[in-house]
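Listing of query11.pdb, PDB, C-alpha atoms and all ligand atoms
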```
ATOM      1  CA  MET U  23       0.000   0.000   0.000  1.00  0.00           C
ATOM      2  CA  ASN U  24       1.358   3.436  -0.967  1.00  0.00           C
ATOM      3  CA  LYS U  25       0.058   6.231   1.214  1.00  0.00           C
ATOM      4  CA  VAL U  26       0.231  10.006   1.388  1.00  0.00           C
ATOM      5  CA  PHE U  27      -0.029  12.032   4.611  1.00  0.00           C
ATOM      6  CA  ILE U  28       0.237  15.712   3.861  1.00  0.00           C
ATOM      7  CA  ALA U  29      -1.073  19.171   4.712  1.00  0.00           C
ATOM      8  CA  THR U  30      -2.206  21.664   2.095  1.00  0.00           C
ATOM      9  CA  SER U  31      -3.594  25.170   1.913  1.00  0.00           C
ATOM     10  CA  ILE U  32      -7.269  25.517   0.913  1.00  0.00           C
ATOM     11  CA  ASP U  33      -6.035  26.118  -2.655  1.00  0.00           C
ATOM     12  CA  GLY U  34      -3.962  22.953  -2.657  1.00  0.00           C
ATOM     13  CA  TYR U  35      -0.389  24.130  -2.048  1.00  0.00           C
ATOM     14  CA  ILE U  36       2.051  22.197   0.128  1.00  0.00           C
ATOM     15  CA  ALA U  37       4.576  25.037   0.417  1.00  0.00           C
ATOM     16  CA  ASP U  38       4.534  28.727  -0.451  1.00  0.00           C
ATOM     17  CA  SER U  39       6.302  30.132  -3.509  1.00  0.00           C
ATOM     18  CA  GLU U  40       9.627  30.258  -1.613  1.00  0.00           C
ATOM     19  CA  GLY U  41       9.206  26.694  -0.381  1.00  0.00           C
ATOM     20  CA  GLY U  42       8.193  28.001   3.065  1.00  0.00           C
ATOM     21  CA  ILE U  43       5.965  25.898   5.310  1.00  0.00           C
ATOM     22  CA  ASP U  44       5.640  28.085   8.439  1.00  0.00           C
ATOM     23  CA  TRP U  45       1.930  28.575   7.674  1.00  0.00           C
ATOM     24  CA  LEU U  46       1.444  24.843   8.398  1.00  0.00           C
ATOM     25  CA  ASN U  47       1.908  25.587  12.095  1.00  0.00           C
ATOM     26  CA  ALA U  48      -0.017  28.862  12.216  1.00  0.00           C
ATOM     27  CA  ILE U  49      -3.026  27.380  14.053  1.00  0.00           C
ATOM     28  CA  PRO U  50      -2.434  27.385  17.823  1.00  0.00           C
ATOM     29  CA  ASN U  51      -1.935  23.812  19.028  1.00  0.00           C
ATOM     30  CA  PRO U  52      -1.509  24.105  22.813  1.00  0.00           C
ATOM     31  CA  ASN U  53      -1.700  20.342  23.461  1.00  0.00           C
ATOM     32  CA  ASN U  54       0.518  19.415  20.505  1.00  0.00           C
ATOM     33  CA  ASP U  55      -2.197  17.346  18.831  1.00  0.00           C
ATOM     34  CA  ASP U  56      -0.316  15.375  16.169  1.00  0.00           C
ATOM     35  CA  MET U  57      -3.493  14.958  14.083  1.00  0.00           C
ATOM     36  CA  GLY U  58      -2.939  11.245  13.610  1.00  0.00           C
ATOM     37  CA  TYR U  59       0.709  11.477  12.502  1.00  0.00           C
ATOM     38  CA  HIS U  60       2.043   9.027  15.095  1.00  0.00           C
ATOM     39  CA  ASP U  61      -0.605   6.406  14.242  1.00  0.00           C
ATOM     40  CA  PHE U  62       0.073   6.950  10.553  1.00  0.00           C
ATOM     41  CA  MET U  63       3.827   6.492  11.034  1.00  0.00           C
ATOM     42  CA  ASN U  64       3.120   3.254  12.915  1.00  0.00           C
ATOM     43  CA  SER U  65       1.156   2.045   9.889  1.00  0.00           C
ATOM     44  CA  ILE U  66       4.037   2.378   7.416  1.00  0.00           C
ATOM     45  CA  ASP U  67       7.274   0.441   6.951  1.00  0.00           C
ATOM     46  CA  ALA U  68       9.339   2.979   5.015  1.00  0.00           C
ATOM     47  CA  LEU U  69       9.171   6.322   3.209  1.00  0.00           C
ATOM     48  CA  ILE U  70       9.817   7.251  -0.397  1.00  0.00           C
ATOM     49  CA  MET U  71      10.557  10.958  -0.560  1.00  0.00           C
ATOM     50  CA  GLY U  72      11.526  13.454  -3.256  1.00  0.00           C
ATOM     51  CA  ARG U  73      14.995  14.969  -3.090  1.00  0.00           C
ATOM     52  CA  ILE U  74      13.630  18.472  -2.356  1.00  0.00           C
ATOM     53  CA  THR U  75      11.574  17.261   0.618  1.00  0.00           C
ATOM     54  CA  PHE U  76      14.625  15.330   1.864  1.00  0.00           C
ATOM     55  CA  GLU U  77      16.797  18.453   1.674  1.00  0.00           C
ATOM     56  CA  THR U  78      14.067  20.480   3.397  1.00  0.00           C
ATOM     57  CA  VAL U  79      13.940  18.005   6.311  1.00  0.00           C
ATOM     58  CA  CYS U  80      17.775  18.018   6.501  1.00  0.00           C
ATOM     59  CA  SER U  81      17.723  21.828   6.763  1.00  0.00           C
ATOM     60  CA  PHE U  82      15.588  21.759   9.934  1.00  0.00           C
ATOM     61  CA  ASP U  83      17.533  22.267  13.125  1.00  0.00           C
ATOM     62  CA  ILE U  84      16.226  19.027  14.638  1.00  0.00           C
ATOM     63  CA  GLU U  85      17.307  15.430  15.063  1.00  0.00           C
ATOM     64  CA  TRP U  86      16.548  13.118  12.141  1.00  0.00           C
ATOM     65  CA  PRO U  87      12.792  12.678  12.612  1.00  0.00           C
ATOM     66  CA  TYR U  88      12.197   9.262  11.044  1.00  0.00           C
ATOM     67  CA  GLN U  89      12.513   5.871  12.720  1.00  0.00           C
ATOM     68  CA  LYS U  90      11.742   4.074   9.436  1.00  0.00           C
ATOM     69  CA  PRO U  91      14.031   3.783   6.398  1.00  0.00           C
ATOM     70  CA  VAL U  92      13.777   6.707   3.975  1.00  0.00           C
ATOM     71  CA  PHE U  93      14.305   6.099   0.250  1.00  0.00           C
ATOM     72  CA  VAL U  94      15.110   9.368  -1.521  1.00  0.00           C
ATOM     73  CA  LEU U  95      14.274   9.726  -5.207  1.00  0.00           C
ATOM     74  CA  SER U  96      16.910  11.759  -7.001  1.00  0.00           C
ATOM     75  CA  ASN U  97      18.645  11.845 -10.347  1.00  0.00           C
ATOM     76  CA  SER U  98      21.025  14.609  -9.265  1.00  0.00           C
ATOM     77  CA  LEU U  99      22.330  13.335  -5.923  1.00  0.00           C
ATOM     78  CA  LYS U 100      25.301  11.014  -6.294  1.00  0.00           C
ATOM     79  CA  SER U 101      25.319   9.873  -2.698  1.00  0.00           C
ATOM     80  CA  ILE U 102      23.617  10.414   0.612  1.00  0.00           C
ATOM     81  CA  PRO U 103      25.534  12.567   3.130  1.00  0.00           C
ATOM     82  CA  LYS U 104      27.499  10.421   5.603  1.00  0.00           C
ATOM     83  CA  GLU U 105      25.433  11.390   8.662  1.00  0.00           C
ATOM     84  CA  TYR U 106      22.334   9.766   7.124  1.00  0.00           C
ATOM     85  CA  GLU U 107      24.000   6.490   6.125  1.00  0.00           C
ATOM     86  CA  GLY U 108      22.012   3.465   7.232  1.00  0.00           C
ATOM     87  CA  LYS U 109      18.845   5.550   7.540  1.00  0.00           C
ATOM     88  CA  VAL U 110      18.498   7.103   4.093  1.00  0.00           C
ATOM     89  CA  PHE U 111      18.962   5.358   0.752  1.00  0.00           C
ATOM     90  CA  LEU U 112      19.163   6.815  -2.731  1.00  0.00           C
ATOM     91  CA  VAL U 113      16.788   5.393  -5.351  1.00  0.00           C
ATOM     92  CA  GLN U 114      16.458   6.107  -9.059  1.00  0.00           C
ATOM     93  CA  GLY U 115      14.629   4.843 -12.087  1.00  0.00           C
ATOM     94  CA  GLY U 116      11.036   4.125 -13.042  1.00  0.00           C
ATOM     95  CA  LEU U 117       8.658   4.438 -10.110  1.00  0.00           C
ATOM     96  CA  LYS U 118       7.164   0.960 -10.501  1.00  0.00           C
ATOM     97  CA  ASP U 119      10.683  -0.507 -10.371  1.00  0.00           C
ATOM     98  CA  VAL U 120      11.580   1.663  -7.369  1.00  0.00           C
ATOM     99  CA  VAL U 121       8.448   0.545  -5.497  1.00  0.00           C
ATOM    100  CA  ASP U 122       9.127  -3.118  -6.388  1.00  0.00           C
ATOM    101  CA  GLU U 123      12.744  -2.767  -5.212  1.00  0.00           C
ATOM    102  CA  VAL U 124      11.644  -1.292  -1.873  1.00  0.00           C
ATOM    103  CA  LYS U 125       8.873  -3.882  -1.398  1.00  0.00           C
ATOM    104  CA  LYS U 126      11.320  -6.700  -2.132  1.00  0.00           C
ATOM    105  CA  LYS U 127      13.261  -5.534   0.917  1.00  0.00           C
ATOM    106  CA  GLY U 128      10.110  -6.277   2.956  1.00  0.00           C
ATOM    107  CA  TYR U 129       8.754  -2.737   3.210  1.00  0.00           C
ATOM    108  CA  ASN U 130       5.172  -3.068   2.034  1.00  0.00           C
ATOM    109  CA  ASN U 131       3.416  -0.021   3.424  1.00  0.00           C
ATOM    110  CA  LEU U 132       5.065   3.084   2.058  1.00  0.00           C
ATOM    111  CA  TYR U 133       4.689   6.767   2.905  1.00  0.00           C
ATOM    112  CA  ILE U 134       5.106   8.750  -0.301  1.00  0.00           C
ATOM    113  CA  ASP U 135       6.164  12.363   0.337  1.00  0.00           C
ATOM    114  CA  GLY U 136       6.949  15.465  -1.734  1.00  0.00           C
ATOM    115  CA  GLY U 137       4.794  17.367  -4.246  1.00  0.00           C
ATOM    116  CA  LYS U 138       6.446  16.370  -7.529  1.00  0.00           C
ATOM    117  CA  THR U 139       6.927  12.895  -6.133  1.00  0.00           C
ATOM    118  CA  ILE U 140       3.242  12.438  -5.263  1.00  0.00           C
ATOM    119  CA  GLN U 141       2.300  13.842  -8.667  1.00  0.00           C
ATOM    120  CA  SER U 142       4.548  11.310 -10.424  1.00  0.00           C
ATOM    121  CA  PHE U 143       3.101   8.471  -8.351  1.00  0.00           C
ATOM    122  CA  LEU U 144      -0.443   9.602  -9.234  1.00  0.00           C
ATOM    123  CA  LYS U 145       0.502   9.739 -12.943  1.00  0.00           C
ATOM    124  CA  GLU U 146       1.226   6.016 -12.690  1.00  0.00           C
ATOM    125  CA  ASP U 147      -1.783   5.321 -10.456  1.00  0.00           C
ATOM    126  CA  LEU U 148       0.513   4.190  -7.652  1.00  0.00           C
ATOM    127  CA  ILE U 149      -1.243   5.891  -4.721  1.00  0.00           C
ATOM    128  CA  ASP U 150      -3.737   3.834  -2.689  1.00  0.00           C
ATOM    129  CA  GLU U 151      -4.604   6.251   0.110  1.00  0.00           C
ATOM    130  CA  MET U 152      -4.227   9.969   0.796  1.00  0.00           C
ATOM    131  CA  THR U 153      -4.643  11.707   4.160  1.00  0.00           C
ATOM    132  CA  ILE U 154      -4.926  15.409   3.417  1.00  0.00           C
ATOM    133  CA  SER U 155      -5.141  17.998   6.198  1.00  0.00           C
ATOM    134  CA  ILE U 156      -6.446  21.325   4.931  1.00  0.00           C
ATOM    135  CA  ILE U 157      -4.968  24.357   6.668  1.00  0.00           C
ATOM    136  CA  PRO U 158      -7.453  27.242   6.423  1.00  0.00           C
ATOM    137  CA  ILE U 159      -5.373  29.632   4.347  1.00  0.00           C
ATOM    138  CA  VAL U 160      -5.500  30.551   0.663  1.00  0.00           C
ATOM    139  CA  LEU U 161      -1.859  30.982  -0.343  1.00  0.00           C
ATOM    140  CA  GLY U 162      -2.502  32.089  -3.917  1.00  0.00           C
ATOM    141  CA  ASN U 163       0.773  30.624  -5.151  1.00  0.00           C
ATOM    142  CA  GLY U 164       3.309  27.987  -4.204  1.00  0.00           C
ATOM    143  CA  ILE U 165       4.203  24.340  -4.718  1.00  0.00           C
ATOM    144  CA  PRO U 166       1.058  22.416  -5.660  1.00  0.00           C
ATOM    145  CA  LEU U 167       0.101  19.006  -4.326  1.00  0.00           C
ATOM    146  CA  PHE U 168      -1.612  18.029  -7.556  1.00  0.00           C
ATOM    147  CA  GLY U 169      -0.718  18.432 -11.228  1.00  0.00           C
ATOM    148  CA  ALA U 170      -2.104  17.425 -14.596  1.00  0.00           C
ATOM    149  CA  LEU U 171      -3.025  13.782 -15.196  1.00  0.00           C
ATOM    150  CA  SER U 172      -3.893  12.099 -18.463  1.00  0.00           C
ATOM    151  CA  LYS U 173      -6.789  10.279 -16.815  1.00  0.00           C
ATOM    152  CA  SER U 174      -8.825  10.926 -13.708  1.00  0.00           C
ATOM    153  CA  LEU U 175      -8.485   8.700 -10.644  1.00  0.00           C
ATOM    154  CA  LYS U 176     -11.481   8.042  -8.405  1.00  0.00           C
ATOM    155  CA  PHE U 177     -11.105   8.007  -4.651  1.00  0.00           C
ATOM    156  CA  GLU U 178     -13.651   7.592  -1.892  1.00  0.00           C
ATOM    157  CA  CYS U 179     -13.563   9.564   1.339  1.00  0.00           C
ATOM    158  CA  ILE U 180     -13.245   7.023   4.154  1.00  0.00           C
ATOM    159  CA  SER U 181     -12.817   9.458   7.036  1.00  0.00           C
ATOM    160  CA  SER U 182     -13.228  13.151   7.737  1.00  0.00           C
ATOM    161  CA  LYS U 183     -12.235  14.825  10.991  1.00  0.00           C
ATOM    162  CA  ILE U 184     -11.837  18.347  12.272  1.00  0.00           C
ATOM    163  CA  TYR U 185      -8.751  19.063  14.379  1.00  0.00           C
ATOM    164  CA  LEU U 186      -8.226  22.095  16.603  1.00  0.00           C
ATOM    165  CA  ASN U 187     -11.687  23.302  15.470  1.00  0.00           C
ATOM    166  CA  LYS U 188     -10.058  24.592  12.284  1.00  0.00           C
ATOM    167  CA  ILE U 189      -8.264  21.905  10.256  1.00  0.00           C
ATOM    168  CA  VAL U 190     -10.228  19.409   8.164  1.00  0.00           C
ATOM    169  CA  GLN U 191      -8.457  16.106   7.607  1.00  0.00           C
ATOM    170  CA  ASN U 192      -9.894  13.846   4.918  1.00  0.00           C
ATOM    171  CA  VAL U 193      -8.712  10.327   4.153  1.00  0.00           C
ATOM    172  CA  PHE U 194      -9.261   9.217   0.567  1.00  0.00           C
ATOM    173  CA  SER U 195      -8.932   5.630  -0.593  1.00  0.00           C
ATOM    174  CA  ARG U 196      -8.451   4.756  -4.268  1.00  0.00           C
ATOM    175  CA  SER U 197     -11.579   3.110  -5.612  1.00  0.00           C
ATOM    176  CA  LYS U 198     -10.783   0.919  -8.572  1.00  0.00           C
ATOM    177  CA  ASP U 199     -14.308  -0.259  -9.499  1.00  0.00           C
TER     178      ASP U 199
HETATM  179  N1  LIG U 201       2.772  20.491   3.320  1.00  0.00           N
HETATM  180  C1  LIG U 201       3.388  19.370   3.611  1.00  0.00           C
HETATM  181  O1  LIG U 201       2.862  18.567   4.427  1.00  0.00           O
HETATM  182  C2  LIG U 201       4.669  19.030   2.927  1.00  0.00           C
HETATM  183  C3  LIG U 201       5.110  17.705   2.882  1.00  0.00           C
HETATM  184  C4  LIG U 201       6.261  17.403   2.172  1.00  0.00           C
HETATM  185  C5  LIG U 201       6.959  18.416   1.521  1.00  0.00           C
HETATM  186  N2  LIG U 201       6.520  19.688   1.615  1.00  0.00           N
HETATM  187  C6  LIG U 201       7.243  20.770   0.915  1.00  0.00           C
HETATM  188  O2  LIG U 201       7.210  20.513  -0.482  1.00  0.00           O
HETATM  189  C7  LIG U 201       8.409  20.992  -1.081  1.00  0.00           C
HETATM  190  C8  LIG U 201       9.067  19.839  -1.842  1.00  0.00           C
HETATM  191  O3  LIG U 201       8.196  19.324  -2.834  1.00  0.00           O
HETATM  192  P1  LIG U 201       8.568  19.387  -4.370  1.00  0.00           P
HETATM  193  O4  LIG U 201       7.332  19.149  -5.159  1.00  0.00           O
HETATM  194  O5  LIG U 201       9.291  20.665  -4.628  1.00  0.00           O
HETATM  195  O6  LIG U 201       9.637  18.236  -4.573  1.00  0.00           O
HETATM  196  P2  LIG U 201       9.854  16.708  -4.101  1.00  0.00           P
HETATM  197  O7  LIG U 201       8.782  15.840  -4.643  1.00  0.00           O
HETATM  198  O8  LIG U 201      10.159  16.664  -2.658  1.00  0.00           O
HETATM  199  O9  LIG U 201      11.254  16.395  -4.855  1.00  0.00           O
HETATM  200  C9  LIG U 201      11.316  16.412  -6.253  1.00  0.00           C
HETATM  201  C10 LIG U 201      12.640  15.823  -6.676  1.00  0.00           C
HETATM  202  O10 LIG U 201      12.632  14.410  -6.479  1.00  0.00           O
HETATM  203  C11 LIG U 201      13.454  13.799  -7.465  1.00  0.00           C
HETATM  204  N3  LIG U 201      12.816  12.792  -8.304  1.00  0.00           N
HETATM  205  C12 LIG U 201      13.457  11.785  -8.886  1.00  0.00           C
HETATM  206  N4  LIG U 201      12.647  10.989  -9.567  1.00  0.00           N
HETATM  207  C13 LIG U 201      11.453  11.502  -9.429  1.00  0.00           C
HETATM  208  C14 LIG U 201      10.225  11.136  -9.940  1.00  0.00           C
HETATM  209  N5  LIG U 201      10.017  10.046 -10.683  1.00  0.00           N
HETATM  210  N6  LIG U 201       9.205  11.911  -9.627  1.00  0.00           N
HETATM  211  C15 LIG U 201       9.368  13.013  -8.871  1.00  0.00           C
HETATM  212  N7  LIG U 201      10.532  13.411  -8.359  1.00  0.00           N
HETATM  213  C16 LIG U 201      11.579  12.652  -8.645  1.00  0.00           C
HETATM  214  C17 LIG U 201      13.957  14.908  -8.334  1.00  0.00           C
HETATM  215  O11 LIG U 201      15.206  15.226  -7.749  1.00  0.00           O
HETATM  216  P3  LIG U 201      16.515  15.513  -8.630  1.00  0.00           P
HETATM  217  O12 LIG U 201      16.289  16.908  -9.129  1.00  0.00           O
HETATM  218  O13 LIG U 201      17.607  15.360  -7.652  1.00  0.00           O
HETATM  219  O14 LIG U 201      16.517  14.480  -9.723  1.00  0.00           O
HETATM  220  C18 LIG U 201      12.961  16.022  -8.143  1.00  0.00           C
HETATM  221  O15 LIG U 201      13.523  17.298  -8.374  1.00  0.00           O
HETATM  222  C19 LIG U 201       9.297  21.484   0.046  1.00  0.00           C
HETATM  223  O16 LIG U 201       9.138  22.886   0.155  1.00  0.00           O
HETATM  224  C20 LIG U 201       8.707  20.812   1.277  1.00  0.00           C
HETATM  225  O17 LIG U 201       8.918  21.550   2.452  1.00  0.00           O
HETATM  226  C21 LIG U 201       5.388  20.026   2.277  1.00  0.00           C
END
```
Would you give me this structure, written as structure tokens?
Amino acid sequence: MNKVFIATSIDGYIADSEGGIDWLNAIPNPNNDDMGYHDFMNSIDALIMGRITFETVCSFDIEWPYQKPVFVLSNSLKSIPKEYEGKVFLVQGGLKDVVDEVKKKGYNNLYIDGGKTIQSFLKEDLIDEMTISIIPIVLGNGIPLFGALSKSLKFECISSKIYLNKIVQNVFSRSKD
């Protein structure tokens, strides 16, 4: 199963035009509600992430936040920086082959992250479930979650919750009938 867990603006952006994501945390969250993130992370075996998302996470002044292996898609990176060895692995090639390669290692439930990355997975109909938390802001510009597809993909909404009285989180499951 390939799953997405992401936050967007009302108009569907995952970062502003400078790549900024501060607006994601603009809603006061006094009890640090993780909006299902911990449970979601427990449901996956590994992540496949775009190079830009990987570099964004590396730029945060925090400890490496993932306990699961992270496979980074990149055609430009030649190697993974030493400090991430054993935790982060470079992958390249067609997405179906990449997913097969990762699943062969025993990682069946995958968290797919990054805008262009999710768009490429959707182009090949490789996303089974999407958890999308909508932050109540219209950014007007930025990095979009979705892009053009040659054919539409039907999903059904299997859950809808409101967090912090302000953030709607919908879970969509691919319906193939
Ligand atoms: N709102 C949220 O919850 C959320 C979540 C995640 C990320 N973000 C934000 O989104 C931004 C990053 O997203 P993004 O759309 O710019 O990029 P991305 O999907 O993270 O990374 C794209 C890069 O992945 C590599 N890649 C290799 N093969 C690919 C393939 N088949 N399909 C797609 N990518 C492939 C390419 O790297 P090379 O150029 O090296 O080949 C490409 O430039 C950051 O600002 C991040 O902070 C927000």
Exercise for review: Pick out the residues sitting within 9 Å of Lys109 in chain U, and hand them over as a ChimeraX atom specification; count only C-alpha atoms, and ignore anything fewer than 3 positions along from it in its own chain.
Suggested key: /U:88-93,105-106
Check your understanding: Just how far from atom P2 of ligand LIG 201 (chain U) is CA of Met71 in chain U, in Å to one decimal?
Key -> 6.8 Å
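Take the candidates U:Asp67, U:Asp61, U:Glu77, U:Asp55 and check each one against ligand LIG 201 (chain U) using all atoms listed in the file; the shortest distance goes to U:Glu77.
Among the candidates U:Asp119, U:Asp147, U:Glu107, U:Asp135, the one nearest to ligand LIG 201 (chain U) when counting only C-alpha atoms and all ligand atoms is U:Asp135.
Comparing U:Met23, U:Ile66, U:Ile102, U:Ile84 by their smallest distance to ligand LIG 201 (chain U), the closest is U:Ile102 (using all atoms listed in the file).
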Practice item. Determine the residue membership of the PyMOL selection byres (((chain U and resi 116) around 12) and not hetatm) for the file above and supply it as a list in words. Key: Leu95, Ser96, Asn97, Val113, Gln114, Gly115, Leu117, Lys118, Asp119, Val120, Val121, Asp122, Glu123, Thr139, Ser142, Phe143, Lys145, Glu146 and Leu148 of chain U
Mind dumping a table of every chain U residue within 9 Å of ligand LIG 201 (chain U), with the nearest atom pair and its distance in Å to one decimal, using all atoms listed in the file, sorted by chain and rising number, as a Markdown table?
```
| residue | atom | partner | partner_atom | distance |
| --- | --- | --- | --- | --- |
| U:Phe27 | CA | U:LIG201 | O1 | 7.1 |
| U:Ile28 | CA | U:LIG201 | O1 | 3.9 |
| U:Ala29 | CA | U:LIG201 | O1 | 4.0 |
| U:Thr30 | CA | U:LIG201 | N1 | 5.3 |
| U:Ser31 | CA | U:LIG201 | N1 | 8.0 |
| U:Tyr35 | CA | U:LIG201 | N1 | 7.2 |
| U:Ile36 | CA | U:LIG201 | N1 | 3.7 |
| U:Ala37 | CA | U:LIG201 | O16 | 5.1 |
| U:Asp38 | CA | U:LIG201 | O16 | 7.5 |
| U:Ser39 | CA | U:LIG201 | O16 | 8.6 |
| U:Glu40 | CA | U:LIG201 | O16 | 7.6 |
| U:Gly41 | CA | U:LIG201 | O16 | 3.8 |
| U:Gly42 | CA | U:LIG201 | O16 | 6.0 |
| U:Ile43 | CA | U:LIG201 | O17 | 6.0 |
| U:Leu46 | CA | U:LIG201 | N1 | 6.8 |
| U:Met71 | CA | U:LIG201 | O8 | 6.1 |
| U:Gly72 | CA | U:LIG201 | O9 | 3.4 |
| U:Arg73 | CA | U:LIG201 | O10 | 4.2 |
| U:Ile74 | CA | U:LIG201 | O8 | 3.9 |
| U:Thr75 | CA | U:LIG201 | O8 | 3.6 |
| U:Phe76 | CA | U:LIG201 | O8 | 6.5 |
| U:Glu77 | CA | U:LIG201 | O8 | 8.1 |
| U:Thr78 | CA | U:LIG201 | O17 | 5.3 |
| U:Val79 | CA | U:LIG201 | O17 | 7.3 |
| U:Val94 | CA | U:LIG201 | O10 | 7.5 |
| U:Leu95 | CA | U:LIG201 | C12 | 4.3 |
| U:Ser96 | CA | U:LIG201 | O13 | 3.7 |
| U:Asn97 | CA | U:LIG201 | O14 | 3.4 |
| U:Ser98 | CA | U:LIG201 | O13 | 3.9 |
| U:Leu99 | CA | U:LIG201 | O13 | 5.4 |
| U:Lys100 | CA | U:LIG201 | O13 | 8.9 |
| U:Val113 | CA | U:LIG201 | C12 | 8.0 |
| U:Gln114 | CA | U:LIG201 | N4 | 6.2 |
| U:Gly115 | CA | U:LIG201 | N4 | 6.9 |
| U:Gly116 | CA | U:LIG201 | N5 | 6.5 |
| U:Leu117 | CA | U:LIG201 | N5 | 5.8 |
| U:Asp135 | CA | U:LIG201 | C4 | 5.4 |
| U:Gly136 | CA | U:LIG201 | O7 | 3.5 |
| U:Gly137 | CA | U:LIG201 | O4 | 3.2 |
| U:Lys138 | CA | U:LIG201 | O7 | 3.8 |
| U:Thr139 | CA | U:LIG201 | C15 | 3.7 |
| U:Ile140 | CA | U:LIG201 | O7 | 6.5 |
| U:Gln141 | CA | U:LIG201 | C15 | 7.1 |
| U:Ser142 | CA | U:LIG201 | N6 | 4.8 |
| U:Phe143 | CA | U:LIG201 | N6 | 7.1 |
| U:Ile154 | CA | U:LIG201 | O1 | 8.5 |
| U:Ser155 | CA | U:LIG201 | O1 | 8.2 |
| U:Gly164 | CA | U:LIG201 | O16 | 8.9 |
| U:Ile165 | CA | U:LIG201 | O4 | 6.1 |
| U:Pro166 | CA | U:LIG201 | O4 | 7.1 |
| U:Leu167 | CA | U:LIG201 | O4 | 7.3 |
```
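Minimum atom-to-atom distance to Asn24 in chain U, evaluated using only C-alpha atoms, belongs to U:Val124 out of U:Val124, U:Val110, U:Cys80, U:Ile49.
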Check your understanding: Could you spell out the hits of the PyMOL selection byres (((chain U and resi 170) around 10) and not hetatm) on the shown file, as number ranges by chain?
Key -> U: 141-142, 144-145, 168-169, 171-174
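CA of Asn192 in chain U to CA of Lys125 in chain U spans 26.6 Å [interatomic distance, one decimal].
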Review point. Which residues match the PyMOL selection byres (((chain U and resi 56) around 12) and not hetatm) in the file above, as a PyMOL selection string?
Key: chain U and resi 47+51-55+57-63+155+185-186+189+191
Extending 8 Å beyond the listed atoms of range 63-77 of chain U on each side, what axis-aligned box results? I want centre and edge lengths in Å to one decimal, as lines of an AutoDock Vina configuration file.
```
center_x = 9.0
center_y = 9.5
center_z = 4.8
size_x = 31.6
size_y = 34.0
size_z = 32.2
```
Revision key, fill the gap. Between CA of Val193 in chain U and CA of Lys176 in chain U lies a distance of 13.1 Å
